[in-house]
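Undergrad: Below is one structure. I have some questions about it.
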There are 6 protein chains.
Amino acid sequence: MSITVYRKAHFNAAHRLCKEGWDDAKNLTVFGKCSNPNYHGHNYELEVGVTGDVDRETGFLIDLKILKKIIKEEVEDSFDHKNLNLEVPEFKTLNPTVENIAMVIWNKLNDRLSDKYMVTVKLFETPRNFVVFTG
Amino acid sequence: MSITVYRKAHFNAAHRLCKEGWDDAKNLTVFGKCSNPNYHGHNYELEVGVTGDVDRETGFLIDLKILKKIIKEEVEDSFDHKNLNLEVPEFKTLNPTVENIAMVIWNKLNDRLSDKYMVTVKLFETPRNFVVFTG
Amino acid sequence: MSITVYRKAHFNAAHRLCKEGWDDAKNLTVFGKCSNPNYHGHNYELEVGVTGDVDRETGFLIDLKILKKIIKEEVEDSFDHKNLNLEVPEFKTLNPTVENIAMVIWNKLNDRLSDKYMVTVKLFETPRNFVVFTG
Amino acid sequence: MSITVYRKAHFNAAHRLCKEGWDDAKNLTVFGKCSNPNYHGHNYELEVGVTGDVDRETGFLIDLKILKKIIKEEVEDSFDHKNLNLEVPEFKTLNPTVENIAMVIWNKLNDRLSDKYMVTVKLFETPRNFVVFTG
Amino acid sequence: MSITVYRKAHFNAAHRLCKEGWDDAKNLTVFGKCSNPNYHGHNYELEVGVTGDVDRETGFLIDLKILKKIIKEEVEDSFDHKNLNLEVPEFKTLNPTVENIAMVIWNKLNDRLSDKYMVTVKLFETPRNFVVFTG
Amino acid sequence: MSITVYRKAHFNAAHRLCKEGWDDAKNLTVFGKCSNPNYHGHNYELEVGVTGDVDRETGFLIDLKILKKIIKEEVEDSFDHKNLNLEVPEFKTLNPTVENIAMVIWNKLNDRLSDKYMVTVKLFETPRNFVVFTG
């Protein structure tokens, strides 16, 4: 038996794909127009899933008000209207691909949530490209 | 190998979150504005998944016309345009959180479907909050 | 030349359709299951449009932070997680059809916005039923 | 630990449901209006998921430009604006149910992708009916 | 002052673009892959708007149950799971472009609705291509 | 009588809101976090409407293949994966608010289309904020 509760959130950010130590020509070869040194950006849409047991008394797996607050503190406050490469410490040396962003978000949320929960992160970079990371 | 067929449905209902035996003040503390004694409501959007084998002759895992009919009889006829707390027997003593509603729907559908199928219920309480229950 | 800026918002509420002075049987005849005396509910999705001139200096027609705040104060704070019939004064004697709710919202927003703007309200009662009111 | 990257695509096609060797009356009994001998059609929306490891150097699980190209070559070029029954070899003798189309797509994509990846296909026949095939 | 009520519906159909009297080569030149003689198809999504006055007594501009019934009779029953070119009389000699389909639907609905209403038809051929016809 | 054909497109870009000649403090006061000097970004979703007469012979108001090509050349090729402030000439001295971007796009498209057409631009900066410009 498995039940998962999901909460959506979103943030808008600039980024570029590039590897530390590669020059622009090498980055262009590997990452194409996503490596534009002047940055481009996205409306990231996030779905956070929390799997666990439903509390018999409340009927809640997790209080969504609390989950919403944690997402705001860990993701929206840090990422929204930011330049991911320049302003988010995790991406100082880590390429902000949608895969890496999803894993960073997962780690931040998992650290804040009780061990009794399993966390899933679905992150849309565009309405057409997205990842799911389940830890 | 795994294949799952999904069918969407929807129902509109009123509810409030409250625990039998708690007074309004206690319900307000735990459930916030969702405990409004005068009720609020939602457009619940439902996705029912049925996992099984594809019939070699028809190419169907399940005839969606039959699945649609079962969803109508078990969910839409019972829940649509209803007050979940007052009019749906399952929630007379069970708090109609989205978790509990999803599990009630799963039980009703699972009872109607052959044992050869596994059933999954995804239930959106709002476009931003939803659960998945896999039995 | 015409330019309109739109902002989305949402609220969840219970309601029933009924006319003051009609009994339940008459309401049932006219409004069908929407007249359920125990209420049902919806996730109302709202799109507010403001038409006007773009300020040459800022490039803004209206500061969306201000529009968002007005929508919150006039609509979300009054309607969200409420029973429209019982708790929203405008619907004490006015049937809360989606038409009437849209017009009430339009009036509340129009009163808060400068005369230099024209206001439009699009209100979804469900993803399949909605109205547009342009004042 | 599991991470999956998804890419959406779409194609428009005509089809009818029918079993080789059955006459129209038998097909009508089993497949209803979907067996119309003159065909009907759909906008098929496809989500391809690829599960694997994230390359430490690039931060990519798979280069989405390459995945997009493979989907175009294997699915869009073969299926888009086609009559599935008459023009797509796989459905000459296989009933083009959404289950079978998803499995055909999965096989075509899986053949093109390295064994280090697991492939998932989600195929919407309509916004209300869809399947997920995981191989 | 203007208020419009909208109702969504949908139908799935096969069609091809071709002009009566043109051969396949000429049709291919003008209509490209949409002229495939074996047909392709779409999930057409329809939004019907009715503009008029709100009845003071009921709060309805139009009873959506009646509008839904008219749409079913005039559009869904005639077009759903059909080959538009072969089975819908209006397109025997009229090319079923999304423009023409929208105008045919408008005429059928407008004939059924009172003169006191103005009718608008929005028709999606795909999620990316659509038309609005206002009569 | 009025008929409009719509085509969707999209581009991803970085931008910041700022007025030429204002310092960062002044920009922060007026534009808030949208003035971040390091940029943020969006997935802009664009709907272009073209109003005109339907050609009796083809049933087309405009050939969508041509409209798609013009949108690609005028909007996608210039804006996609770009920094609007730094790399798009129109925004060297014009603040790239969603209002101004919509008007720039409208001008570029209107210049490419015959005078017999009226052009409308709907531009989503986020799924929640958008503008419509009708020239």
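Please note that chains go A, B, ... in the order of the structure tokens, that every chain numbers its residues from 1, and that ligands are numbered from 1 in the order shown.
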Pick out each residue of range 1-94 of chain E that DSSP on the backbone tags as strand (DSSP E); I need them as a PyMOL selection string.

TA: chain E and resi 3-15+40-52+82-83

Undergrad: Would you mind exporting the chosen residues as a compact mmCIF listing (two decimals), in the first residue's frame, restricted to N, CA, C and O atoms?

TA:
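New file again_25.txt:
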```txt
# COMPACT_ATOMS: atom_id res chain seq x y z
N ILE E 3 -21.97 40.17 -21.07
CA ILE E 3 -21.61 38.95 -20.35
C ILE E 3 -21.82 37.76 -21.28
O ILE E 3 -22.79 37.69 -22.02
N THR E 4 -20.85 36.85 -21.23
CA THR E 4 -20.87 35.68 -22.09
C THR E 4 -20.63 34.44 -21.25
O THR E 4 -19.73 34.43 -20.41
N VAL E 5 -21.44 33.43 -21.48
CA VAL E 5 -21.27 32.14 -20.80
C VAL E 5 -20.67 31.15 -21.80
O VAL E 5 -21.08 31.13 -22.96
N TYR E 6 -19.70 30.36 -21.34
CA TYR E 6 -19.01 29.43 -22.21
C TYR E 6 -19.19 27.99 -21.71
O TYR E 6 -19.18 27.74 -20.50
N ARG E 7 -19.27 27.09 -22.68
CA ARG E 7 -19.36 25.66 -22.37
C ARG E 7 -18.40 24.92 -23.30
O ARG E 7 -18.39 25.15 -24.50
N LYS E 8 -17.62 24.02 -22.73
CA LYS E 8 -16.68 23.23 -23.54
C LYS E 8 -17.29 21.88 -23.94
O LYS E 8 -18.11 21.32 -23.19
N ALA E 9 -16.87 21.40 -25.08
CA ALA E 9 -17.25 20.06 -25.55
C ALA E 9 -16.10 19.55 -26.41
O ALA E 9 -15.10 20.26 -26.60
N HIS E 10 -16.23 18.34 -26.92
CA HIS E 10 -15.14 17.83 -27.75
C HIS E 10 -15.64 16.70 -28.63
O HIS E 10 -16.65 16.06 -28.34
N PHE E 11 -14.94 16.49 -29.73
CA PHE E 11 -15.25 15.36 -30.61
C PHE E 11 -13.96 14.95 -31.32
O PHE E 11 -13.05 15.77 -31.49
N ASN E 12 -13.89 13.70 -31.66
CA ASN E 12 -12.73 13.14 -32.36
C ASN E 12 -13.17 12.78 -33.77
O ASN E 12 -14.17 12.10 -33.93
N ALA E 13 -12.41 13.19 -34.76
CA ALA E 13 -12.84 12.94 -36.13
C ALA E 13 -11.64 12.80 -37.06
O ALA E 13 -10.55 13.28 -36.76
N ALA E 14 -11.87 12.11 -38.18
CA ALA E 14 -10.89 12.06 -39.26
C ALA E 14 -11.26 13.10 -40.31
O ALA E 14 -12.43 13.46 -40.46
N HIS E 15 -10.27 13.62 -40.99
CA HIS E 15 -10.55 14.49 -42.13
C HIS E 15 -9.32 14.52 -43.04
O HIS E 15 -8.26 14.01 -42.72
N HIS E 40 -6.21 11.87 -41.90
CA HIS E 40 -5.60 11.88 -40.57
C HIS E 40 -6.71 12.36 -39.63
O HIS E 40 -7.87 12.36 -40.04
N GLY E 41 -6.40 12.75 -38.40
CA GLY E 41 -7.52 13.13 -37.53
C GLY E 41 -7.09 13.96 -36.35
O GLY E 41 -5.90 14.21 -36.14
N HIS E 42 -8.08 14.39 -35.61
CA HIS E 42 -7.85 15.31 -34.49
C HIS E 42 -8.84 15.05 -33.36
O HIS E 42 -9.93 14.54 -33.57
N ASN E 43 -8.42 15.47 -32.16
CA ASN E 43 -9.35 15.67 -31.04
C ASN E 43 -9.76 17.15 -31.09
O ASN E 43 -8.99 18.01 -30.65
N TYR E 44 -10.89 17.43 -31.61
CA TYR E 44 -11.36 18.82 -31.67
C TYR E 44 -11.92 19.20 -30.30
O TYR E 44 -12.76 18.49 -29.75
N GLU E 45 -11.42 20.31 -29.77
CA GLU E 45 -11.94 20.83 -28.50
C GLU E 45 -12.71 22.11 -28.82
O GLU E 45 -12.20 23.00 -29.52
N LEU E 46 -13.91 22.19 -28.34
CA LEU E 46 -14.85 23.26 -28.71
C LEU E 46 -15.24 24.08 -27.48
O LEU E 46 -15.54 23.52 -26.44
N GLU E 47 -15.22 25.40 -27.65
CA GLU E 47 -15.76 26.28 -26.62
C GLU E 47 -16.85 27.13 -27.25
O GLU E 47 -16.58 27.93 -28.14
N VAL E 48 -18.06 26.96 -26.78
CA VAL E 48 -19.19 27.73 -27.31
C VAL E 48 -19.51 28.86 -26.33
O VAL E 48 -19.74 28.61 -25.14
N GLY E 49 -19.53 30.08 -26.84
CA GLY E 49 -19.89 31.24 -26.02
C GLY E 49 -21.25 31.78 -26.42
O GLY E 49 -21.56 31.87 -27.60
N VAL E 50 -22.05 32.11 -25.42
CA VAL E 50 -23.37 32.70 -25.66
C VAL E 50 -23.44 34.02 -24.90
O VAL E 50 -23.29 34.04 -23.68
N THR E 51 -23.63 35.10 -25.64
CA THR E 51 -23.69 36.43 -25.05
C THR E 51 -25.14 36.89 -24.97
O THR E 51 -25.91 36.68 -25.91
N GLY E 52 -25.51 37.49 -23.85
CA GLY E 52 -26.89 37.94 -23.71
C GLY E 52 -27.09 38.61 -22.37
O GLY E 52 -26.14 39.07 -21.73
N LYS E 82 -16.44 10.45 -36.46
CA LYS E 82 -16.84 10.42 -37.86
C LYS E 82 -15.66 10.82 -38.76
O LYS E 82 -14.68 11.40 -38.31
N ASN E 83 -15.83 10.47 -40.04
CA ASN E 83 -14.96 11.01 -41.08
C ASN E 83 -15.67 12.23 -41.63
O ASN E 83 -16.73 12.10 -42.27
```

Undergrad: Mind checking which residues fall within 12 Å of range 84-91 of chain D, counting only C-alpha atoms, ignoring those fewer than 6 positions away in the same chain, and posting them as a VMD selection string?

TA: (chain B and resid 59) or (chain D and resid 11 to 20 35 37 to 42 44 74 to 78 97 to 98 100 to 105 107 to 108) or (chain E and resid 14 36 to 41)

Undergrad: Skipping near chain neighbours, those fewer than 3 positions away, what residues fall within 9 Å of Val30 in chain B using only C-alpha atoms, listed as a list of chain:residue names?

TA: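 Everything that qualifies: A:Thr58, A:Asp63, B:Cys18, B:Ala25, B:Lys26, B:Asn27, B:Ser35.
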
Undergrad: Within 7 Å of chain B, which residues of chain D come that close, and what is the closest atom pair and distance in Å for each? Count only C-alpha atoms and give it as JSON lines.

TA:
```
{"residue": "D:Lys19", "atom": "CA", "partner": "B:Thr58", "partner_atom": "CA", "distance": 6.8}
{"residue": "D:Asn95", "atom": "CA", "partner": "B:Gly59", "partner_atom": "CA", "distance": 6.1}
{"residue": "D:Thr97", "atom": "CA", "partner": "B:Gly59", "partner_atom": "CA", "distance": 5.9}
{"residue": "D:Glu99", "atom": "CA", "partner": "B:Phe60", "partner_atom": "CA", "distance": 6.7}
{"residue": "D:Asn100", "atom": "CA", "partner": "B:Gly59", "partner_atom": "CA", "distance": 6.3}
{"residue": "D:Arg128", "atom": "CA", "partner": "B:Lys8", "partner_atom": "CA", "distance": 5.0}
{"residue": "D:Asn129", "atom": "CA", "partner": "B:Arg7", "partner_atom": "CA", "distance": 4.9}
{"residue": "D:Phe130", "atom": "CA", "partner": "B:Tyr6", "partner_atom": "CA", "distance": 5.2}
{"residue": "D:Val131", "atom": "CA", "partner": "B:Val5", "partner_atom": "CA", "distance": 4.3}
{"residue": "D:Val132", "atom": "CA", "partner": "B:Thr4", "partner_atom": "CA", "distance": 5.2}
{"residue": "D:Phe133", "atom": "CA", "partner": "B:Ile3", "partner_atom": "CA", "distance": 4.5}
{"residue": "D:Thr134", "atom": "CA", "partner": "B:Ser2", "partner_atom": "CA", "distance": 5.5}
{"residue": "D:Gly135", "atom": "CA", "partner": "B:Met1", "partner_atom": "CA", "distance": 4.8}
```

Undergrad: If you keep all heavy atoms, can you produce a file of those selected residues as a compact mmCIF listing (two decimals), in the first residue's frame?

TA:
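Dumped to part.txt:
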```txt
# COMPACT_ATOMS: atom_id res chain seq x y z
N LYS D 19 -10.54 -5.82 -35.70
CA LYS D 19 -9.68 -7.00 -35.67
C LYS D 19 -9.69 -7.65 -37.04
O LYS D 19 -10.76 -7.85 -37.63
CB LYS D 19 -10.19 -7.98 -34.60
CG LYS D 19 -9.31 -9.20 -34.53
CD LYS D 19 -9.45 -10.02 -33.30
CE LYS D 19 -8.78 -11.36 -33.56
NZ LYS D 19 -7.39 -11.25 -34.04
N ASN D 95 -4.33 -4.26 -34.16
CA ASN D 95 -5.38 -3.28 -33.92
C ASN D 95 -4.77 -2.04 -33.25
O ASN D 95 -4.13 -2.16 -32.20
CB ASN D 95 -6.44 -3.91 -33.00
CG ASN D 95 -7.70 -3.09 -32.92
OD1 ASN D 95 -7.88 -2.13 -33.66
ND2 ASN D 95 -8.58 -3.49 -32.01
N THR D 97 -5.20 0.11 -31.03
CA THR D 97 -5.67 0.63 -29.75
C THR D 97 -4.56 1.48 -29.14
O THR D 97 -3.38 1.34 -29.51
CB THR D 97 -5.99 -0.51 -28.77
OG1 THR D 97 -4.81 -1.27 -28.57
CG2 THR D 97 -7.11 -1.41 -29.30
N GLU D 99 -3.29 1.14 -26.35
CA GLU D 99 -2.34 0.21 -25.72
C GLU D 99 -1.31 -0.26 -26.74
O GLU D 99 -0.10 -0.22 -26.50
CB GLU D 99 -3.07 -1.02 -25.15
CG GLU D 99 -3.99 -0.77 -23.97
CD GLU D 99 -5.45 -0.50 -24.38
OE1 GLU D 99 -5.67 0.05 -25.50
OE2 GLU D 99 -6.35 -0.82 -23.59
N ASN D 100 -1.82 -0.72 -27.90
CA ASN D 100 -0.89 -1.25 -28.91
C ASN D 100 0.00 -0.16 -29.50
O ASN D 100 1.18 -0.40 -29.78
CB ASN D 100 -1.69 -1.96 -30.01
CG ASN D 100 -2.12 -3.36 -29.59
OD1 ASN D 100 -1.51 -3.97 -28.70
ND2 ASN D 100 -3.18 -3.87 -30.20
N ARG D 128 -8.51 12.71 -22.03
CA ARG D 128 -9.19 11.94 -20.98
C ARG D 128 -8.81 10.47 -20.93
O ARG D 128 -9.11 9.79 -19.96
CB ARG D 128 -10.71 12.08 -21.16
CG ARG D 128 -11.24 13.49 -20.84
CD ARG D 128 -12.50 13.86 -21.58
NE ARG D 128 -12.25 14.08 -22.99
CZ ARG D 128 -11.78 15.23 -23.53
NH1 ARG D 128 -11.55 16.27 -22.77
NH2 ARG D 128 -11.55 15.33 -24.83
N ASN D 129 -8.20 9.95 -22.00
CA ASN D 129 -7.80 8.54 -22.08
C ASN D 129 -6.33 8.44 -22.39
O ASN D 129 -5.88 9.02 -23.39
CB ASN D 129 -8.53 7.82 -23.22
CG ASN D 129 -10.02 7.74 -23.04
OD1 ASN D 129 -10.55 7.94 -21.95
ND2 ASN D 129 -10.72 7.48 -24.13
N PHE D 130 -5.58 7.69 -21.60
CA PHE D 130 -4.17 7.54 -21.91
C PHE D 130 -3.62 6.27 -21.30
O PHE D 130 -4.28 5.64 -20.45
CB PHE D 130 -3.37 8.76 -21.47
CG PHE D 130 -3.48 9.12 -20.01
CD1 PHE D 130 -2.47 8.77 -19.12
CD2 PHE D 130 -4.57 9.82 -19.54
CE1 PHE D 130 -2.56 9.11 -17.78
CE2 PHE D 130 -4.68 10.17 -18.19
CZ PHE D 130 -3.67 9.81 -17.32
N VAL D 131 -2.43 5.88 -21.74
CA VAL D 131 -1.78 4.69 -21.20
C VAL D 131 -0.34 5.02 -20.84
O VAL D 131 0.26 5.96 -21.36
CB VAL D 131 -1.76 3.51 -22.21
CG1 VAL D 131 -3.16 3.14 -22.65
CG2 VAL D 131 -0.87 3.81 -23.39
N VAL D 132 0.20 4.21 -19.94
CA VAL D 132 1.63 4.25 -19.64
C VAL D 132 2.17 2.84 -19.83
O VAL D 132 1.63 1.88 -19.27
CB VAL D 132 1.89 4.73 -18.19
CG1 VAL D 132 3.37 4.58 -17.84
CG2 VAL D 132 1.45 6.17 -18.02
N PHE D 133 3.23 2.74 -20.64
CA PHE D 133 3.87 1.45 -20.86
C PHE D 133 5.34 1.58 -20.45
O PHE D 133 6.04 2.49 -20.89
CB PHE D 133 3.76 1.03 -22.33
CG PHE D 133 4.36 -0.33 -22.60
CD1 PHE D 133 3.86 -1.48 -21.99
CD2 PHE D 133 5.45 -0.48 -23.47
CE1 PHE D 133 4.40 -2.74 -22.23
CE2 PHE D 133 5.99 -1.73 -23.71
CZ PHE D 133 5.48 -2.86 -23.09
N THR D 134 5.77 0.63 -19.61
CA THR D 134 7.12 0.74 -19.07
C THR D 134 8.03 -0.40 -19.54
O THR D 134 9.10 -0.60 -18.99
CB THR D 134 7.09 0.73 -17.52
OG1 THR D 134 6.50 -0.50 -17.11
CG2 THR D 134 6.29 1.88 -16.98
N GLY D 135 7.60 -1.09 -20.56
CA GLY D 135 8.48 -2.12 -21.13
C GLY D 135 8.36 -3.42 -20.38
O GLY D 135 7.75 -3.50 -19.32
```

Undergrad: Please indicate the distance in Å from CA of Ile70 in chain E to CA of Trp106 in chain E, rounded to one decimal place.

TA: 11.9 Å

Undergrad: Hey, can you check how far CA of Asp111 in chain C sits from CA of Phe124 in chain C?

TA: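 Separation of CA of Asp111 in chain C and CA of Phe124 in chain C: 21.9 Å.
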
Undergrad: Quick one: pull the distance between CA of His81 in chain E and CA of Lys92 in chain D, Å, one decimal.

TA: 20.7 Å

Undergrad: Please identify which residues in chain B DSSP calls alpha helix (DSSP H) from the backbone, and express them as a PyMOL selection string.

TA: chain B and resi 24-31+64-71+77-79+84-87+98-112
